[in-house]
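Participant: Once you've had a glance at the structure underneath, I'll fire off some questions.
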Amino acid sequence: MSFDYDLFVIGGGSGGVRAARVAAGENGAKVALAEEDRYGGTCVIRGCVPKKLMVFASEFSGMVEDAQAYGWDVKPGAFDWDLFRGKLHVELDRLEGIYRNILKNNGVESFDQRAHVVDAHTVELADGTRMTAKHILVATGGRPVVPEFPGSDLAITSNEIFHLEKLPESILIVGGGYIASEFAGIMNGMGVKTTQFYRGAQILRGFDEEARGLISEEMCQNGINLHLGTNVLEMAKDGDKIRVKATNGTEQLFDVVMYATGRAPNADNLGLEAIGVERGRKGEIIVDDYSQTGVPSIYAIGDVTDRVNLTPVAIREGMAFVETVFKGNPTPVDHDLIPTAIFTQPEFGTVGLSEEDAAAQEPVEIYATSFKPMQKAFAGGTQRVLMKLIVSQATRKVLGCHIVAPGAGEMIQLAGIAVKMGATKEDFDRTVAVHPVMAEELVTMRHPVRTA
Ligand SMILES: Cc1cc2nc3c(=O)[nH]c(=O)nc-3n(C[C@H](O)[C@H](O)[C@H](O)COP(=O)(O)OP(=O)(O)OC[C@H]3O[C@@H](n4cnc5c(N)ncnc54)[C@H](O)[C@@H]3O)c2cc1C
């Protein structure tokens with residue numbers, strides 16, 4: 001049977017673009033890709049990239065005070081959101097252009113339209129054009145969802161935060177996950193009066209408790225008005241503000257309310273159920289270790305499969321798909337020991353098991369130290385950092401490494417290599433410290449602070 005394409009990719013985000021370009025560019029496959037919105041997807045247009053640039057922008061406010069303490073004659077100035085937002089979107093346009101060119105230069109034919117699946121080998125575009133492909137790769141990502149309650153339509157999500165007409169005077173951020181907590185830091189740093197509500201007992205559920213505790217404490221120290229165990233009951237327009245009634249009995253006015261309480265996979269109306277592709281409880285596409293669905297010609301990667309929703313993981317899954325399907329080398333994706341960074345202020349870098357999960361699995365030793373870093377301490381700052389290792393008592397392997405500190409994301413990328421290689425505590429100890437840096441503590445902690 002002959003097909004129009006070897007591969008049709010639906011979705012031009014991190015995973016889809018990588019799979020399309022490698023299949024076409026390195027393997028000579030005839031590839032098409034449909035993107036209904038902007039090339040680059042969530043990460044480039046409304047996720048990692050603009051968020052990190054906003055983190056950078058927000059961090060300058062604290063630097064002025066530090067610079068003064070180090071002897072610089074500098075005065076805090078006002079933050080010009082208009083100027084920043086303008087430059088941000090010029091940068092995002094540039095990056096989108098790069099993604100389009102990557103596809104073009106690798107011979108991928110792109111269609112700027114929504115696409116859905118008609119049968120195991122046929123895709124239909126929004127304009128009704130039908131095309132056949134030997135393989136179909138669904139890489140449609142995810143989207144933020146706001147729960148329904150009175151006034152919920154007044155809330156914005158992370159999609160809209162990059163487009164605010166003006167910087168609000170006050171914002172309420174609802175949610176306790178990494179996106180909510182990162183934006184609380186960003187807004188606070190930009191000078192916005194920031195309140196965060198989270199219905200649970202502590203933000204960043206699932207991560208190491210000691211690390212979560214320190215981050216939340218430092219966020220409060222930085223001026224974020226964090227209310228744990230608190231949720232919104234209802235919201236209503238009040239002039240040009242939003243009146244928010246909360247479960248803690250308060251009623252407050254905010255300029256903007258941002259919800260970051262959950263995301264859903266973009267798998268609706270793709271025609272998948274009709275052809276027998278199975279979906280899970282959250283609507284995610286069910287795939288095997290090779291990203292193959294129950295329909296052999298259809299694969300799915302990235303956030304739409306709701307495995308580990310991170311850009312480098314979507315990219316890995318895309319590469320493994322090409323390796324499996326176009327290189328005849330079946331390659332499962334290894335989702336174990338993925339290092340990751342959370343760009344809260346302070347930043348959090350983490351790999352492996354939390355103390356709680358490790359202790360539930362086997363007897364462990366905990367090595368941890370929390371201290372005032374030199375740079376901040378000199379400036380009179382009270383901020384603390386945390387360096388923590390979870391070590392198996394039986395194998396001596398480092399099962400988890402958790403760093404709360406400026407630059408923790410950069411540090412955990414490197415510590416992640418050691419942990420992934422199965423390094424033991426003694427391997428860490430054999431490594432000579434780099435001095436004076438914060439991360440030297442990772443190789444100089446001699447005695448466990450406790451066993452668990
Ligand atoms: C605010 C925020 C911050 C984040 N920060 C980080 C971070 O710091 N580090 C990190 O690793 N990850 C981060 N992520 C997660 C990361 O962005 C995602 O894991 C990643 O983008 C997933 O890639 P993907 O290819 O699966 O999907 P996406 O990048 O979402 O791409 C899917 C694409 O498919 C398109 N599409 C959907 N349906 C159709 C259709 N029917 N037809 C045609 N096109 C369609 C969409 O328009 C989209 O462009 C963040 C996410 C958010 C929201």
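Numbering starts fresh at 1 for the residues of each chain in the structure tokens, the chains themselves are lettered A, B, ... in the order given, and ligands are numbered from 1 as they appear.
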Find the spatial neighbours of Val64 of chain A, counting only C-alpha atoms, within a cut-off of 8 Å - ignore same-chain residues fewer than 2 positions away - and output them as a short mmCIF file (atom, residue, chain, number, x, y, z; two decimals) with all heavy atoms, in the first residue's frame.
Facilitator:
data_model
loop_
_atom_site.label_atom_id
_atom_site.label_comp_id
_atom_site.auth_asym_id
_atom_site.auth_seq_id
_atom_site.Cartn_x
_atom_site.Cartn_y
_atom_site.Cartn_z
N PHE A 60 15.96 40.98 39.10
CA PHE A 60 16.79 42.18 39.23
C PHE A 60 16.41 43.02 40.44
O PHE A 60 17.25 43.72 40.99
CB PHE A 60 16.71 43.03 37.95
CG PHE A 60 17.52 42.44 36.83
CD1 PHE A 60 16.93 41.70 35.83
CD2 PHE A 60 18.89 42.61 36.81
CE1 PHE A 60 17.67 41.13 34.81
CE2 PHE A 60 19.66 42.04 35.79
CZ PHE A 60 19.05 41.30 34.80
N SER A 61 15.13 42.95 40.86
CA SER A 61 14.72 43.82 41.97
C SER A 61 15.56 43.54 43.22
O SER A 61 16.05 44.46 43.86
CB SER A 61 13.23 43.67 42.26
OG SER A 61 12.91 42.32 42.46
N GLY A 62 15.77 42.25 43.53
CA GLY A 62 16.57 41.89 44.70
C GLY A 62 18.03 42.23 44.54
O GLY A 62 18.74 42.50 45.52
N ASP A 66 21.29 44.05 46.99
CA ASP A 66 22.57 43.35 47.19
C ASP A 66 23.72 44.21 46.69
O ASP A 66 24.76 44.33 47.34
CB ASP A 66 22.58 42.01 46.44
CG ASP A 66 21.71 40.98 47.15
OD1 ASP A 66 21.16 41.30 48.21
OD2 ASP A 66 21.60 39.86 46.62
N ALA A 67 23.53 44.82 45.52
CA ALA A 67 24.59 45.65 44.93
C ALA A 67 24.93 46.80 45.87
O ALA A 67 26.10 47.12 46.10
CB ALA A 67 24.16 46.16 43.57
N GLN A 68 23.88 47.41 46.46
CA GLN A 68 24.11 48.51 47.42
C GLN A 68 24.96 48.02 48.59
O GLN A 68 25.91 48.67 49.01
CB GLN A 68 22.77 49.03 47.96
CG GLN A 68 22.00 49.87 46.95
CD GLN A 68 20.59 50.19 47.45
OE1 GLN A 68 20.06 49.49 48.32
NE2 GLN A 68 19.99 51.21 46.88
N VAL A 74 23.68 52.41 43.56
CA VAL A 74 22.58 52.20 42.61
C VAL A 74 21.26 52.37 43.35
O VAL A 74 21.16 52.08 44.54
CB VAL A 74 22.62 50.80 41.94
CG1 VAL A 74 23.66 50.73 40.86
CG2 VAL A 74 22.86 49.70 42.98
N LYS A 75 20.26 52.86 42.62
CA LYS A 75 18.95 53.08 43.24
C LYS A 75 17.93 52.17 42.55
O LYS A 75 17.99 51.99 41.34
CB LYS A 75 18.49 54.54 43.03
CG LYS A 75 19.50 55.59 43.49
CD LYS A 75 19.29 55.99 44.94
CE LYS A 75 20.38 56.88 45.48
NZ LYS A 75 21.75 56.37 45.38
N PRO A 76 16.99 51.61 43.32
CA PRO A 76 15.96 50.81 42.68
C PRO A 76 15.13 51.70 41.75
O PRO A 76 14.80 52.83 42.11
CB PRO A 76 15.10 50.30 43.84
CG PRO A 76 15.74 50.76 45.09
CD PRO A 76 16.80 51.76 44.76
#
Participant: Env of Val295 of chain A: 7 Å cut, atoms = only C-alpha atoms, seq-sep filter 3 positions within chain, self excluded. Answer as a JSON list (two decimals) with all heavy atoms, in the first residue's frame.
Facilitator:
[["chain", "number", "residue", "atom", "x", "y", "z"],
["A", 120, "ALA", "N", -6.70, 4.70, 10.70],
["A", 120, "ALA", "CA", -5.34, 4.33, 11.14],
["A", 120, "ALA", "C", -4.24, 4.96, 10.30],
["A", 120, "ALA", "O", -3.09, 5.10, 10.76],
["A", 120, "ALA", "CB", -5.19, 2.82, 11.16],
["A", 276, "GLY", "N", -10.32, 3.40, 17.98],
["A", 276, "GLY", "CA", -9.87, 2.42, 18.98],
["A", 276, "GLY", "C", -8.62, 2.78, 19.74],
["A", 276, "GLY", "O", -8.03, 1.93, 20.40],
["A", 277, "VAL", "N", -8.20, 4.08, 19.71],
["A", 277, "VAL", "CA", -7.05, 4.48, 20.53],
["A", 277, "VAL", "C", -7.56, 4.73, 21.96],
["A", 277, "VAL", "O", -8.49, 5.49, 22.16],
["A", 277, "VAL", "CB", -6.37, 5.75, 19.97],
["A", 277, "VAL", "CG1", -5.33, 6.28, 20.94],
["A", 277, "VAL", "CG2", -5.75, 5.47, 18.61],
["A", 298, "ILE", "N", -0.31, 4.26, 14.91],
["A", 298, "ILE", "CA", -0.46, 5.55, 15.61],
["A", 298, "ILE", "C", 0.36, 5.56, 16.90],
["A", 298, "ILE", "O", 0.22, 4.70, 17.76],
["A", 298, "ILE", "CB", -1.94, 5.86, 15.89],
["A", 298, "ILE", "CG1", -2.70, 5.91, 14.55],
["A", 298, "ILE", "CG2", -2.08, 7.19, 16.65],
["A", 298, "ILE", "CD1", -4.13, 6.33, 14.65]]
Participant: All residues within 6 Å of ligand 1 are required, counting only C-alpha atoms and all ligand atoms; please report them as a ChimeraX atom specification.
Facilitator: /A:10-16,34-39,41-43,47-48,113-116,139-142,158,179,266,302-304,309-312,314
Participant: For Asn105 of chain A, work out the shell of residues within 12 Å, counting only C-alpha atoms and skipping chain neighbours fewer than 6 positions away, then give it as a PDB file with C-alpha atoms, in the first residue's frame.
Facilitator:
ATOM      1  CA  ALA A  20       9.555  15.368  12.362  1.00  0.00           C
ATOM      2  CA  ARG A  21      12.935  16.921  11.752  1.00  0.00           C
ATOM      3  CA  VAL A  22      14.955  13.860  12.731  1.00  0.00           C
ATOM      4  CA  ALA A  24      13.004  13.679   7.657  1.00  0.00           C
ATOM      5  CA  GLY A  25      16.465  15.204   8.011  1.00  0.00           C
ATOM      6  CA  GLU A  26      18.441  12.244   9.326  1.00  0.00           C
ATOM      7  CA  GLY A  97      10.760  31.517  13.048  1.00  0.00           C
ATOM      8  CA  ILE A  98      13.658  29.229  13.947  1.00  0.00           C
ATOM      9  CA  TYR A  99      11.252  26.317  14.545  1.00  0.00           C
TER      10      TYR A  99
END
Participant: Hey, could you make a per-residue contact list for segment 199-287 of chain A against segment 180-183 of chain A with 8 Å as the cut-off, showing the nearest pair of atoms and its distance in Å to one decimal, counting only C-alpha atoms, sorted by chain and number, as a tab-separated table?
Facilitator:
residue	atom	partner	partner_atom	distance
A:Ile203	CA	A:Ser181	CA	7.5
A:Leu204	CA	A:Ser181	CA	7.8
A:Tyr259	CA	A:Ala180	CA	7.5
A:Ala260	CA	A:Ala180	CA	5.3
A:Thr261	CA	A:Ala180	CA	7.6
Participant: Selected residues, N, CA, C and O atoms, written as a tab-separated table (two decimals), in the first residue's frame, please.
Facilitator:
chain	number	residue	atom	x	y	z
A	203	ILE	N	3.01	23.66	49.39
A	203	ILE	CA	3.18	23.75	47.93
A	203	ILE	C	4.12	22.65	47.44
A	203	ILE	O	4.81	22.02	48.23
A	204	LEU	N	4.15	22.44	46.13
A	204	LEU	CA	5.07	21.52	45.45
A	204	LEU	C	4.90	20.07	45.93
A	204	LEU	O	5.87	19.40	46.27
A	259	TYR	N	-5.15	31.18	37.56
A	259	TYR	CA	-5.30	29.79	38.00
A	259	TYR	C	-4.22	28.91	37.39
A	259	TYR	O	-4.01	28.93	36.18
A	260	ALA	N	-3.55	28.16	38.24
A	260	ALA	CA	-2.60	27.15	37.75
A	260	ALA	C	-2.81	25.90	38.59
A	260	ALA	O	-1.96	25.50	39.36
A	261	THR	N	-4.01	25.34	38.46
A	261	THR	CA	-4.36	24.20	39.30
A	261	THR	C	-4.36	22.88	38.55
A	261	THR	O	-4.59	21.84	39.15
Participant: Just list as an MDAnalysis selection string whatever in segment 190-352 of chain A DSSP marks as strand (DSSP E).
Facilitator: chainID A and resid 193:198 225:228 232:238 241:246 251:254 256:259 263:265 298:300 340:342 348:352
Participant: Atom CA of Pro50 of chain A and atom CA of Leu88 of chain A, how far apart in Å?
Facilitator: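 Taking atom CA of Leu88 of chain A and atom CA of Pro50 of chain A, their separation equals 6.9 Å.
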